[in-house]
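Working notes for the structure below.
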Amino acid sequence: MKWGEITKLYPSRFVLVEAIKASSNNRVRYLEDMAVIQDYNNSQEAWSGYKKLHKLHPNRELYVFHTSRTDVEVVEELFSGVRQRI
């Protein structure tokens, strides 16, 4: 689904989406096709849903956006560090 379709189907909502087709150029991620996993009333609910799903499926490319956005370009940031499980 394209972002324009999502914004029409879910006006003024937070959406948890999975990237189906995406590309990167100059450290910007362009989401060309997405699947809506869930829509939410507020950002806290959306991030909670994201965290639960990401914990179960860490390799899936998931994002939370508000449908008031005109586009869904994501700036890629490099992570360097050590993660430790407690």
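Here's how to read the names in the structure tokens: chain A, B, ... by the order shown, residue numbers from 1 in each chain, ligand numbers from 1 in the order shown.
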Please provide as a ChimeraX atom specification all residues within 7 Å of Asp39 in chain A, with the sequence filter that same-chain residues fewer than 3 positions apart are discarded (counting only C-alpha atoms). /A:13-16
Limited to N, CA, C and O atoms, could you put the picked residues into a file as a compact mmCIF listing (two decimals), in the first residue's frame?
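Once everything was written out, this is result10.txt:
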# COMPACT_ATOMS: atom_id res chain seq x y z
N ARG A 13 -4.52 9.43 12.43
CA ARG A 13 -4.25 8.25 13.27
C ARG A 13 -2.75 7.98 13.31
O ARG A 13 -2.00 8.36 12.40
N PHE A 14 -2.31 7.30 14.34
CA PHE A 14 -0.96 6.74 14.37
C PHE A 14 -1.06 5.35 13.77
O PHE A 14 -1.99 4.60 14.10
N VAL A 15 -0.13 5.01 12.90
CA VAL A 15 -0.16 3.69 12.27
C VAL A 15 1.19 2.99 12.47
O VAL A 15 2.25 3.61 12.40
N LEU A 16 1.11 1.71 12.75
CA LEU A 16 2.28 0.83 12.80
C LEU A 16 2.32 0.15 11.44
O LEU A 16 1.36 -0.53 11.07
Contacts of range 6-58 of chain A with range 67-78 of chain A up to 10 Å, shortest pair per row, only C-alpha atoms, as a tab-separated table:
residue	atom	partner	partner_atom	distance
A:Ile6	CA	A:Thr67	CA	7.4
A:Thr7	CA	A:Thr67	CA	5.0
A:Lys8	CA	A:Thr67	CA	8.4
A:Leu9	CA	A:Thr67	CA	9.4
A:Tyr10	CA	A:Thr67	CA	6.8
A:Pro11	CA	A:Thr67	CA	6.0
A:Ser12	CA	A:Thr67	CA	5.5
A:Arg13	CA	A:Thr67	CA	5.6
A:Phe14	CA	A:Thr67	CA	6.3
A:Val15	CA	A:Thr67	CA	7.2
A:Ala22	CA	A:Glu73	CA	10.0
A:Ser24	CA	A:Glu76	CA	8.5
A:Asn25	CA	A:Glu76	CA	9.6
A:Asn26	CA	A:Glu76	CA	8.9
A:Arg27	CA	A:Glu76	CA	5.1
A:Val28	CA	A:Val75	CA	4.5
A:Arg29	CA	A:Val74	CA	4.9
A:Tyr30	CA	A:Glu73	CA	5.1
A:Leu31	CA	A:Val72	CA	6.5
A:Glu32	CA	A:Val72	CA	9.0
A:Asp39	CA	A:Thr67	CA	9.8
So that I can see what lies close to Glu18 in chain A, please list as a PyMOL selection string the residues with an atom at most 8 Å from it, counting only C-alpha atoms and leaving out residues fewer than 6 positions away in the same chain. chain A and resi 34-37+60-63
For the selection you just gave me, I'd like the residues written to a file as a CSV table (one decimal), in the first residue's frame, keeping C-alpha atoms.
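Generated file (selection02.csv):
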chain,number,residue,atom,x,y,z
A,34,MET,CA,3.9,-0.8,3.2
A,35,ALA,CA,1.5,-2.9,5.1
A,36,VAL,CA,-0.5,-1.4,8.0
A,37,ILE,CA,-0.2,-3.7,11.0
A,60,ARG,CA,11.0,-7.0,10.4
A,61,GLU,CA,11.2,-3.4,9.2
A,62,LEU,CA,8.6,-1.6,11.3
A,63,TYR,CA,7.8,2.0,11.7
Which of range 20-63 of chain A DSSP labels helix (DSSP H, G or I), written as a PDB file with all heavy atoms, in the first residue's frame:
ATOM      1  N   SER A  43       0.244   8.171  20.443  1.00  0.00           N
ATOM      2  CA  SER A  43       1.608   7.693  20.205  1.00  0.00           C
ATOM      3  C   SER A  43       2.056   6.652  21.231  1.00  0.00           C
ATOM      4  O   SER A  43       2.806   5.738  20.888  1.00  0.00           O
ATOM      5  CB  SER A  43       2.591   8.869  20.187  1.00  0.00           C
ATOM      6  OG  SER A  43       2.594   9.541  21.432  1.00  0.00           O
ATOM      7  N   GLN A  44       1.588   6.762  22.471  1.00  0.00           N
ATOM      8  CA  GLN A  44       1.989   5.789  23.489  1.00  0.00           C
ATOM      9  C   GLN A  44       1.514   4.385  23.122  1.00  0.00           C
ATOM     10  O   GLN A  44       2.264   3.415  23.244  1.00  0.00           O
ATOM     11  CB  GLN A  44       1.456   6.179  24.880  1.00  0.00           C
ATOM     12  CG  GLN A  44       2.090   7.426  25.451  1.00  0.00           C
ATOM     13  CD  GLN A  44       1.415   8.707  24.970  1.00  0.00           C
ATOM     14  OE1 GLN A  44       0.403   8.682  24.267  1.00  0.00           O
ATOM     15  NE2 GLN A  44       1.986   9.839  25.321  1.00  0.00           N
ATOM     16  N   GLU A  45       0.255   4.279  22.689  1.00  0.00           N
ATOM     17  CA  GLU A  45      -0.275   2.978  22.270  1.00  0.00           C
ATOM     18  C   GLU A  45       0.496   2.451  21.058  1.00  0.00           C
ATOM     19  O   GLU A  45       0.803   1.261  20.975  1.00  0.00           O
ATOM     20  CB  GLU A  45      -1.752   3.094  21.901  1.00  0.00           C
ATOM     21  CG  GLU A  45      -2.676   3.347  23.057  1.00  0.00           C
ATOM     22  CD  GLU A  45      -4.112   3.564  22.587  1.00  0.00           C
ATOM     23  OE1 GLU A  45      -4.355   3.666  21.366  1.00  0.00           O
ATOM     24  OE2 GLU A  45      -4.989   3.634  23.454  1.00  0.00           O
ATOM     25  N   ALA A  46       0.798   3.344  20.120  1.00  0.00           N
ATOM     26  CA  ALA A  46       1.502   2.939  18.902  1.00  0.00           C
ATOM     27  C   ALA A  46       2.900   2.417  19.229  1.00  0.00           C
ATOM     28  O   ALA A  46       3.314   1.369  18.712  1.00  0.00           O
ATOM     29  CB  ALA A  46       1.582   4.110  17.926  1.00  0.00           C
ATOM     30  N   TRP A  47       3.628   3.121  20.081  1.00  0.00           N
ATOM     31  CA  TRP A  47       4.984   2.672  20.416  1.00  0.00           C
ATOM     32  C   TRP A  47       4.959   1.396  21.253  1.00  0.00           C
ATOM     33  O   TRP A  47       5.848   0.553  21.140  1.00  0.00           O
ATOM     34  CB  TRP A  47       5.769   3.777  21.113  1.00  0.00           C
ATOM     35  CG  TRP A  47       6.243   4.783  20.111  1.00  0.00           C
ATOM     36  CD1 TRP A  47       5.808   6.066  19.959  1.00  0.00           C
ATOM     37  CD2 TRP A  47       7.213   4.561  19.083  1.00  0.00           C
ATOM     38  NE1 TRP A  47       6.445   6.648  18.892  1.00  0.00           N
ATOM     39  CE2 TRP A  47       7.315   5.758  18.337  1.00  0.00           C
ATOM     40  CE3 TRP A  47       7.988   3.479  18.705  1.00  0.00           C
ATOM     41  CZ2 TRP A  47       8.170   5.893  17.248  1.00  0.00           C
ATOM     42  CZ3 TRP A  47       8.844   3.613  17.626  1.00  0.00           C
ATOM     43  CH2 TRP A  47       8.935   4.813  16.912  1.00  0.00           C
ATOM     44  N   SER A  48       3.950   1.239  22.061  1.00  0.00           N
ATOM     45  CA  SER A  48       3.809  -0.005  22.819  1.00  0.00           C
ATOM     46  C   SER A  48       3.593  -1.175  21.863  1.00  0.00           C
ATOM     47  O   SER A  48       4.206  -2.239  22.010  1.00  0.00           O
ATOM     48  CB  SER A  48       2.646   0.115  23.800  1.00  0.00           C
ATOM     49  OG  SER A  48       2.462  -1.086  24.497  1.00  0.00           O
ATOM     50  N   GLY A  49       2.732  -0.982  20.872  1.00  0.00           N
ATOM     51  CA  GLY A  49       2.508  -2.014  19.860  1.00  0.00           C
ATOM     52  C   GLY A  49       3.763  -2.313  19.072  1.00  0.00           C
ATOM     53  O   GLY A  49       4.074  -3.479  18.787  1.00  0.00           O
ATOM     54  N   TYR A  50       4.518  -1.268  18.739  1.00  0.00           N
ATOM     55  CA  TYR A  50       5.781  -1.436  18.022  1.00  0.00           C
ATOM     56  C   TYR A  50       6.755  -2.288  18.834  1.00  0.00           C
ATOM     57  O   TYR A  50       7.349  -3.234  18.321  1.00  0.00           O
ATOM     58  CB  TYR A  50       6.405  -0.068  17.720  1.00  0.00           C
ATOM     59  CG  TYR A  50       7.820  -0.165  17.224  1.00  0.00           C
ATOM     60  CD1 TYR A  50       8.094  -0.317  15.867  1.00  0.00           C
ATOM     61  CD2 TYR A  50       8.894  -0.124  18.113  1.00  0.00           C
ATOM     62  CE1 TYR A  50       9.397  -0.423  15.406  1.00  0.00           C
ATOM     63  CE2 TYR A  50      10.196  -0.232  17.660  1.00  0.00           C
ATOM     64  CZ  TYR A  50      10.443  -0.387  16.316  1.00  0.00           C
ATOM     65  OH  TYR A  50      11.739  -0.510  15.869  1.00  0.00           O
ATOM     66  N   LYS A  51       6.929  -1.936  20.100  1.00  0.00           N
ATOM     67  CA  LYS A  51       7.890  -2.640  20.943  1.00  0.00           C
ATOM     68  C   LYS A  51       7.547  -4.122  21.098  1.00  0.00           C
ATOM     69  O   LYS A  51       8.424  -4.976  21.039  1.00  0.00           O
ATOM     70  CB  LYS A  51       7.997  -1.969  22.319  1.00  0.00           C
ATOM     71  CG  LYS A  51       8.728  -0.636  22.268  1.00  0.00           C
ATOM     72  CD  LYS A  51       8.973  -0.072  23.640  1.00  0.00           C
ATOM     73  CE  LYS A  51       7.821   0.773  24.059  1.00  0.00           C
ATOM     74  NZ  LYS A  51       8.044   1.508  25.318  1.00  0.00           N
ATOM     75  N   LYS A  52       6.262  -4.421  21.281  1.00  0.00           N
ATOM     76  CA  LYS A  52       5.843  -5.820  21.417  1.00  0.00           C
ATOM     77  C   LYS A  52       6.140  -6.612  20.146  1.00  0.00           C
ATOM     78  O   LYS A  52       6.693  -7.709  20.202  1.00  0.00           O
ATOM     79  CB  LYS A  52       4.351  -5.897  21.733  1.00  0.00           C
ATOM     80  CG  LYS A  52       3.998  -5.480  23.129  1.00  0.00           C
ATOM     81  CD  LYS A  52       2.500  -5.524  23.343  1.00  0.00           C
ATOM     82  CE  LYS A  52       2.138  -4.958  24.706  1.00  0.00           C
ATOM     83  NZ  LYS A  52       0.686  -4.875  24.886  1.00  0.00           N
ATOM     84  N   LEU A  53       5.788  -6.050  18.993  1.00  0.00           N
ATOM     85  CA  LEU A  53       5.998  -6.752  17.729  1.00  0.00           C
ATOM     86  C   LEU A  53       7.479  -6.847  17.389  1.00  0.00           C
ATOM     87  O   LEU A  53       7.952  -7.877  16.911  1.00  0.00           O
ATOM     88  CB  LEU A  53       5.230  -6.061  16.605  1.00  0.00           C
ATOM     89  CG  LEU A  53       5.137  -6.827  15.295  1.00  0.00           C
ATOM     90  CD1 LEU A  53       4.505  -8.208  15.500  1.00  0.00           C
ATOM     91  CD2 LEU A  53       4.337  -6.032  14.279  1.00  0.00           C
ATOM     92  N   HIS A  54       8.228  -5.769  17.660  1.00  0.00           N
ATOM     93  CA  HIS A  54       9.669  -5.779  17.372  1.00  0.00           C
ATOM     94  C   HIS A  54      10.403  -6.814  18.229  1.00  0.00           C
ATOM     95  O   HIS A  54      11.344  -7.457  17.762  1.00  0.00           O
ATOM     96  CB  HIS A  54      10.264  -4.392  17.593  1.00  0.00           C
ATOM     97  CG  HIS A  54      11.734  -4.330  17.323  1.00  0.00           C
ATOM     98  ND1 HIS A  54      12.265  -4.454  16.064  1.00  0.00           N
ATOM     99  CD2 HIS A  54      12.782  -4.186  18.150  1.00  0.00           C
ATOM    100  CE1 HIS A  54      13.578  -4.383  16.135  1.00  0.00           C
ATOM    101  NE2 HIS A  54      13.916  -4.219  17.395  1.00  0.00           N
ATOM    102  N   LYS A  55       9.947  -6.974  19.457  1.00  0.00           N
ATOM    103  CA  LYS A  55      10.559  -7.971  20.345  1.00  0.00           C
ATOM    104  C   LYS A  55      10.348  -9.384  19.798  1.00  0.00           C
ATOM    105  O   LYS A  55      11.240 -10.229  19.856  1.00  0.00           O
ATOM    106  CB  LYS A  55       9.981  -7.849  21.749  1.00  0.00           C
ATOM    107  CG  LYS A  55      10.689  -8.681  22.779  1.00  0.00           C
ATOM    108  CD  LYS A  55      10.168  -8.383  24.166  1.00  0.00           C
ATOM    109  CE  LYS A  55      10.953  -9.156  25.202  1.00  0.00           C
ATOM    110  NZ  LYS A  55      10.523  -8.848  26.562  1.00  0.00           N
ATOM    111  N   LEU A  56       9.157  -9.646  19.244  1.00  0.00           N
ATOM    112  CA  LEU A  56       8.862 -10.958  18.674  1.00  0.00           C
ATOM    113  C   LEU A  56       9.537 -11.180  17.317  1.00  0.00           C
ATOM    114  O   LEU A  56       9.917 -12.300  16.983  1.00  0.00           O
ATOM    115  CB  LEU A  56       7.350 -11.127  18.501  1.00  0.00           C
ATOM    116  CG  LEU A  56       6.531 -11.211  19.775  1.00  0.00           C
ATOM    117  CD1 LEU A  56       5.043 -11.159  19.443  1.00  0.00           C
ATOM    118  CD2 LEU A  56       6.866 -12.470  20.550  1.00  0.00           C
TER     119      LEU A  56
END
Which residue, A:Val64, A:Asp33, A:Ile20, A:Asn42, has the smallest gap to Glu5 in chain A when you use only C-alpha atoms? A:Asp33
Please give the complete set of residues from chain A that DSSP, run on the backbone, assigns to strand (DSSP E), formatted as number ranges by chain. A: 14-25, 28-40, 62-66, 73-75
Using only C-alpha atoms for the distances, tell me which of A:Val17, A:His57, A:Asn41, A:Ser23 is nearest to Trp3 in chain A. A:Val17
